[in-house]
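The next block holds one structure in the form of structure tokens; read it before the comments.
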Amino acid sequence: MNKVFKWIYYPVLVALAVALFALGVFGAMKSDATADFSKERRAAVDTHITTITGYGGRNEAESDVSSTALSQTADYIRSQVRSGGSFVKYHSTDYPDGDGLNTRAAYIRENGMPKPTVVLQSAKILASTAEAMGADYYVDRTVVNVVVAIPGADTLAKYADKENDLLSYGDVIMMTAHYDSSTVGEGAADNAAAVANMIELVKEIASRTTPYKNDFVFVFTSGEEEGALGANAFAYQFKAFDDIYSRVKLAFNFDAAGDAGFLVMSEMNGDASLASAYASMAGKSYSSSIYSGVKGAAAKASDFDIYDKIASMNFTTLPDDKTDTAFDTKDNLSAETVNALGNMMLKAADYFGDKTIGDYKADGRVQAGFFNYLGGNVWYANYVAYIVAAIIILLAAAATAVAIRFKAFDVVKAAFGAGVQALAALATLACLYVAYFVIALVLCGFEVINFHAICSVVYGSVGAMVFAVILTLAVSAAVYSPLKKAFGLRAIDVVRGGALLMALAAVVFCFVLPSVSYIFSIVAVLQMAVMLVNALLGKKFKAKFGFDIERLFLYVVPVILMLSVLG
């Protein structure tokens, strides 16, 4: 029997671990390769990308040439949303009023009814806007946004019967994509691909014979690369179209950090209902509430920042070595990037266009947990984490009680095993830090990197991640063995202790950070169940099969099952 496990069972566990980890990495990096829209629309998107990138770099702060390119791009967007039989009407540029606000733009009407309308918002950054941004030096900077407002069925009903107090202007779905670029390159991925797709989406929604229930407002923003100037100018200074921004109940921002085609939902402001909706409509798009939390805490200023109190999602592509470089060109832009952005815009519009969106809430943080598991999207409300914590505590208590009652294992040694696991983790972390700085200083000595880059995260890759995992495992093995001997413990005591430590970490995270607790809690629930089963059946199993049930590495199986999430 031992030979069977040695030569069959254990290799199967290893193969399963490798497969799940690889599938997790593949799932995170997989985008919709095929467009969910027509060839004609795809060709139009390519034409937009070619034209916009042909203007060159688009950055107000860079040069007169870049400023001219910005102006050309804004005019191009305004003309294109009205082309090809589109029903979008033209409104002259909305310049600021005496108080600096943009209020003049209104829907162009036919027979008294509002029609989809495009307008340029020319805005000077007000002192109050700059203060809200924390950037006083932008006061009086002029930015130009291209704004397209499309009335939905609720707003059309209000216009048809304006005296009816039971009717109100409709809720608004807002989408943003910045049309400026960094100071280098032509900004094909960042952000011409998103702009091109949004132009075509505008035309499609405006041309619908049956309008969506909700209003749509599309804002092609400028100045994103300089601190989201255009987005803030819209949020704080644009009051037109029946004060449309005040009615925004759901928002989506589309951006890119690379051209590799790996689309992720990088940030979410919302509750469990929004997480549930995302899981239903997202398709192959990847995200997790851990990614969202880290991205939201560390990201530079972006257009998504204006949605801190609005239910919203931020979509971007994963960074690559062409990000913010002269290599972000049309020729280097992958078809997957273009298709993935366009597919997600379509999904968002179709899924939410006729839904009641006023119930989605947000207060600037993720209020639910969500993650991708082997291509599927899983979500839970934060309160579920509290219930899971209670289950973990009950399972741990039951396993401990059974172990003491039937002397299934030594609880004290298991507790010492938890201490060894904790010490091993700390020692591993310390060794990794030392190794990192030694390697970094050597690279500095050979002038491979600049000294100031040592404490900066410049670029990550799958290869670097795999190397880090292997190095971590090697260091852990090196520090684990002497610690185990120092405390006079067996390997199984440390394994049990590790399960108890995982349970403790899960309970803490369930109460402190419920939206990201799943990374510990799922493993903890399964490991505590394993501990309870082992305590109840361990002696019977050994009597029947001649070896300990824990030789099956059952504590490892939950970790293996979560490797796709870790990947």
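Residues in the structure tokens are named by chain (A, B, ... in the order shown) and by number from 1 within that chain; ligands are numbered from 1 in the order shown.
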* Would you kindly return, as a VMD selection string, each protein, DNA or RNA residue with an atom no farther than 9 Å from any atom of A:Thr93, considering only C-alpha atoms and excluding same-chain residues fewer than 5 positions away? => chain A and resid 104 to 105 119 to 122
Go ahead and save the picked residues with C-alpha atoms, as a tab-separated table (two decimals), in the first residue's frame.
```tsv
chain	number	residue	atom	x	y	z
A	104	ARG	CA	-24.97	75.51	-21.75
A	105	ALA	CA	-25.08	72.11	-23.41
A	119	VAL	CA	-20.52	68.47	-27.29
A	120	LEU	CA	-16.97	69.56	-26.51
A	121	GLN	CA	-16.58	70.64	-22.89
A	122	SER	CA	-13.92	73.33	-22.80
```
* Who sits within 8 Å of A:Ala282, only C-alpha atoms, same chain under 4 positions skipped, as number ranges by chain -> A: 278, 344, 347, 377
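For A:Glu204, the set of protein, DNA and RNA residues having any atom at most 10 Å away, when counting only C-alpha atoms and skipping those fewer than 2 positions along the same chain, is A:Arg41, A:Val81, A:Ser86, A:Phe87, A:Met198, A:Ile199, A:Glu200, A:Leu201, A:Val202, A:Ala206, A:Ser207, A:Arg208, A:Leu346.
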For the residues in the current selection, export C-alpha atoms as a tab-separated table (two decimals), in the first residue's frame.
```tsv
chain	number	residue	atom	x	y	z
A	41	ARG	CA	-17.30	47.39	-36.77
A	81	VAL	CA	-19.61	59.53	-33.33
A	86	SER	CA	-25.40	57.70	-36.50
A	87	PHE	CA	-28.25	59.55	-34.80
A	198	MET	CA	-16.10	53.51	-27.42
A	199	ILE	CA	-16.72	55.57	-30.58
A	200	GLU	CA	-18.37	52.55	-32.19
A	201	LEU	CA	-20.34	51.71	-29.03
A	202	VAL	CA	-21.72	55.27	-28.96
A	206	ALA	CA	-27.50	56.01	-30.36
A	207	SER	CA	-28.88	54.12	-33.37
A	208	ARG	CA	-31.04	51.68	-31.41
A	346	LEU	CA	-20.66	45.66	-25.22
```
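Residues within 7 Å of stretch 395-401 of chain A, counting only C-alpha atoms and excluding same-chain residues fewer than 5 positions away, are Val411, Met528, Ala529, Met531, Leu532 and Ala535 of chain A.
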Go ahead and write the selection's residues with N, CA and C atoms as a PDB file, in the first residue's frame.
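Ended up saving to result-v5.pdb:
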```
ATOM      1  N   VAL A 411      -2.360  18.039  21.182  1.00  0.00           N
ATOM      2  CA  VAL A 411      -2.760  19.412  20.868  1.00  0.00           C
ATOM      3  C   VAL A 411      -1.648  20.402  21.203  1.00  0.00           C
ATOM      4  N   MET A 528      -9.605  22.451   8.529  1.00  0.00           N
ATOM      5  CA  MET A 528     -10.226  22.123   9.821  1.00  0.00           C
ATOM      6  C   MET A 528     -11.143  20.914   9.699  1.00  0.00           C
ATOM      7  N   ALA A 529     -11.806  20.791   8.549  1.00  0.00           N
ATOM      8  CA  ALA A 529     -12.629  19.598   8.304  1.00  0.00           C
ATOM      9  C   ALA A 529     -11.744  18.355   8.240  1.00  0.00           C
ATOM     10  N   MET A 531      -8.835  18.009   9.733  1.00  0.00           N
ATOM     11  CA  MET A 531      -8.346  17.750  11.089  1.00  0.00           C
ATOM     12  C   MET A 531      -9.405  17.014  11.914  1.00  0.00           C
ATOM     13  N   LEU A 532     -10.662  17.421  11.762  1.00  0.00           N
ATOM     14  CA  LEU A 532     -11.741  16.765  12.503  1.00  0.00           C
ATOM     15  C   LEU A 532     -11.924  15.319  12.046  1.00  0.00           C
ATOM     16  N   ALA A 535      -9.073  13.202  13.312  1.00  0.00           N
ATOM     17  CA  ALA A 535      -9.198  12.915  14.746  1.00  0.00           C
ATOM     18  C   ALA A 535     -10.244  11.829  15.000  1.00  0.00           C
TER      19      ALA A 535
END
```
Kindly provide the residues of stretch 251-349 of chain A that approach stretch 497-518 of chain A to within 10 Å, each paired with its closest atom pair and their distance in Å to one decimal, based on only C-alpha atoms, listed by chain and increasing number, as a tab-separated table.
```
residue	atom	partner	partner_atom	distance
A:Ala272	CA	A:Ser515	CA	9.9
A:Ser288	CA	A:Val516	CA	8.4
A:Ser289	CA	A:Val516	CA	6.0
A:Ile290	CA	A:Val516	CA	5.3
A:Tyr291	CA	A:Val516	CA	9.1
A:Ser292	CA	A:Val516	CA	9.6
A:Gly293	CA	A:Val516	CA	8.3
```
For all heavy atoms, I'd like the residues from the last selection saved as a PDB file, in the first residue's frame.
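File produced: out-v3.pdb:
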```pdb
ATOM      1  N   ALA A 272     -22.204  43.802  -2.698  1.00  0.00           N
ATOM      2  CA  ALA A 272     -22.337  42.424  -3.163  1.00  0.00           C
ATOM      3  C   ALA A 272     -23.182  42.327  -4.422  1.00  0.00           C
ATOM      4  O   ALA A 272     -22.929  41.480  -5.285  1.00  0.00           O
ATOM      5  CB  ALA A 272     -22.955  41.565  -2.056  1.00  0.00           C
ATOM      6  N   SER A 288      -9.981  39.950  -9.042  1.00  0.00           N
ATOM      7  CA  SER A 288     -10.211  39.453  -7.696  1.00  0.00           C
ATOM      8  C   SER A 288     -10.270  40.653  -6.774  1.00  0.00           C
ATOM      9  O   SER A 288      -9.730  41.720  -7.086  1.00  0.00           O
ATOM     10  CB  SER A 288      -9.084  38.512  -7.241  1.00  0.00           C
ATOM     11  OG  SER A 288      -7.912  39.252  -6.932  1.00  0.00           O
ATOM     12  N   SER A 289     -10.966  40.512  -5.651  1.00  0.00           N
ATOM     13  CA  SER A 289     -11.064  41.635  -4.726  1.00  0.00           C
ATOM     14  C   SER A 289      -9.719  41.945  -4.083  1.00  0.00           C
ATOM     15  O   SER A 289      -9.491  43.072  -3.636  1.00  0.00           O
ATOM     16  CB  SER A 289     -12.123  41.356  -3.650  1.00  0.00           C
ATOM     17  OG  SER A 289     -12.028  40.035  -3.150  1.00  0.00           O
ATOM     18  N   ILE A 290      -8.794  40.968  -4.037  1.00  0.00           N
ATOM     19  CA  ILE A 290      -7.439  41.257  -3.572  1.00  0.00           C
ATOM     20  C   ILE A 290      -6.746  42.174  -4.576  1.00  0.00           C
ATOM     21  O   ILE A 290      -6.175  43.203  -4.215  1.00  0.00           O
ATOM     22  CB  ILE A 290      -6.622  39.970  -3.388  1.00  0.00           C
ATOM     23  CG1 ILE A 290      -7.149  39.183  -2.191  1.00  0.00           C
ATOM     24  CG2 ILE A 290      -5.142  40.284  -3.196  1.00  0.00           C
ATOM     25  CD1 ILE A 290      -6.419  37.887  -1.942  1.00  0.00           C
ATOM     26  N   TYR A 291      -6.835  41.828  -5.853  1.00  0.00           N
ATOM     27  CA  TYR A 291      -6.239  42.662  -6.908  1.00  0.00           C
ATOM     28  C   TYR A 291      -6.843  44.056  -6.852  1.00  0.00           C
ATOM     29  O   TYR A 291      -6.139  45.066  -6.938  1.00  0.00           O
ATOM     30  CB  TYR A 291      -6.515  42.018  -8.260  1.00  0.00           C
ATOM     31  CG  TYR A 291      -5.759  42.638  -9.424  1.00  0.00           C
ATOM     32  CD1 TYR A 291      -4.723  41.954 -10.041  1.00  0.00           C
ATOM     33  CD2 TYR A 291      -6.082  43.893  -9.914  1.00  0.00           C
ATOM     34  CE1 TYR A 291      -4.030  42.498 -11.111  1.00  0.00           C
ATOM     35  CE2 TYR A 291      -5.393  44.455 -10.976  1.00  0.00           C
ATOM     36  CZ  TYR A 291      -4.371  43.748 -11.571  1.00  0.00           C
ATOM     37  OH  TYR A 291      -3.690  44.314 -12.612  1.00  0.00           O
ATOM     38  N   SER A 292      -8.176  44.124  -6.699  1.00  0.00           N
ATOM     39  CA  SER A 292      -8.863  45.407  -6.677  1.00  0.00           C
ATOM     40  C   SER A 292      -8.397  46.262  -5.513  1.00  0.00           C
ATOM     41  O   SER A 292      -8.162  47.457  -5.654  1.00  0.00           O
ATOM     42  CB  SER A 292     -10.380  45.185  -6.587  1.00  0.00           C
ATOM     43  OG  SER A 292     -11.066  46.406  -6.570  1.00  0.00           O
ATOM     44  N   GLY A 293      -8.256  45.638  -4.325  1.00  0.00           N
ATOM     45  CA  GLY A 293      -7.816  46.392  -3.158  1.00  0.00           C
ATOM     46  C   GLY A 293      -6.408  46.912  -3.294  1.00  0.00           C
ATOM     47  O   GLY A 293      -6.105  48.069  -2.977  1.00  0.00           O
TER      48      GLY A 293
END
```
Please report, as JSON lines, each residue of stretch 285-339 of chain A lying at most 12 Å from stretch 43-60 of chain A, together with the nearest pair of atoms and the separation in Å rounded to one decimal; use only C-alpha atoms, and order rows by chain and ascending residue number.
```
{"residue": "A:Asp324", "atom": "CA", "partner": "A:Gly57", "partner_atom": "CA", "distance": 11.2}
{"residue": "A:Thr325", "atom": "CA", "partner": "A:Gly57", "partner_atom": "CA", "distance": 11.0}
{"residue": "A:Ala326", "atom": "CA", "partner": "A:Gly57", "partner_atom": "CA", "distance": 9.5}
{"residue": "A:Phe327", "atom": "CA", "partner": "A:Gly57", "partner_atom": "CA", "distance": 12.0}
{"residue": "A:Asp328", "atom": "CA", "partner": "A:Thr53", "partner_atom": "CA", "distance": 9.7}
{"residue": "A:Thr329", "atom": "CA", "partner": "A:Thr53", "partner_atom": "CA", "distance": 7.4}
{"residue": "A:Lys330", "atom": "CA", "partner": "A:Thr50", "partner_atom": "CA", "distance": 6.8}
{"residue": "A:Asp331", "atom": "CA", "partner": "A:Thr50", "partner_atom": "CA", "distance": 9.5}
{"residue": "A:Asn332", "atom": "CA", "partner": "A:Thr53", "partner_atom": "CA", "distance": 11.9}
{"residue": "A:Leu333", "atom": "CA", "partner": "A:Ile49", "partner_atom": "CA", "distance": 9.8}
{"residue": "A:Ser334", "atom": "CA", "partner": "A:Asp46", "partner_atom": "CA", "distance": 11.4}
{"residue": "A:Ala335", "atom": "CA", "partner": "A:Asp46", "partner_atom": "CA", "distance": 9.6}
{"residue": "A:Thr337", "atom": "CA", "partner": "A:Asp46", "partner_atom": "CA", "distance": 11.9}
{"residue": "A:Val338", "atom": "CA", "partner": "A:Val45", "partner_atom": "CA", "distance": 8.3}
{"residue": "A:Asn339", "atom": "CA", "partner": "A:Val45", "partner_atom": "CA", "distance": 9.6}
```
* Asked: Looking at only C-alpha atoms, which of A:Ser181, A:Lys249, A:Tyr212, A:Tyr137 is the one that sits closest to A:Glu225?
  ->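 Of A:Ser181, A:Lys249, A:Tyr212, A:Tyr137, the one nearest A:Glu225, counting only C-alpha atoms, is A:Ser181.
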* Quick one: pull the distance between atom CA of A:Lys361 and atom CA of A:Asn145, Å, one decimal. => 26.8 Å
* Asked: Which residue, A:Ile357, A:Ala233, A:Ala311, A:Val448, has the smallest gap to A:Glu267 when you use only C-alpha atoms?
  -> A:Ala311
* Find the residues around A:Val420 up to 7 Å (only C-alpha atoms counted), leave out those fewer than 3 positions away in its own chain, and share them as JSON, numbers by chain. => {"A": [416, 417, 423, 424, 483, 484, 494]}
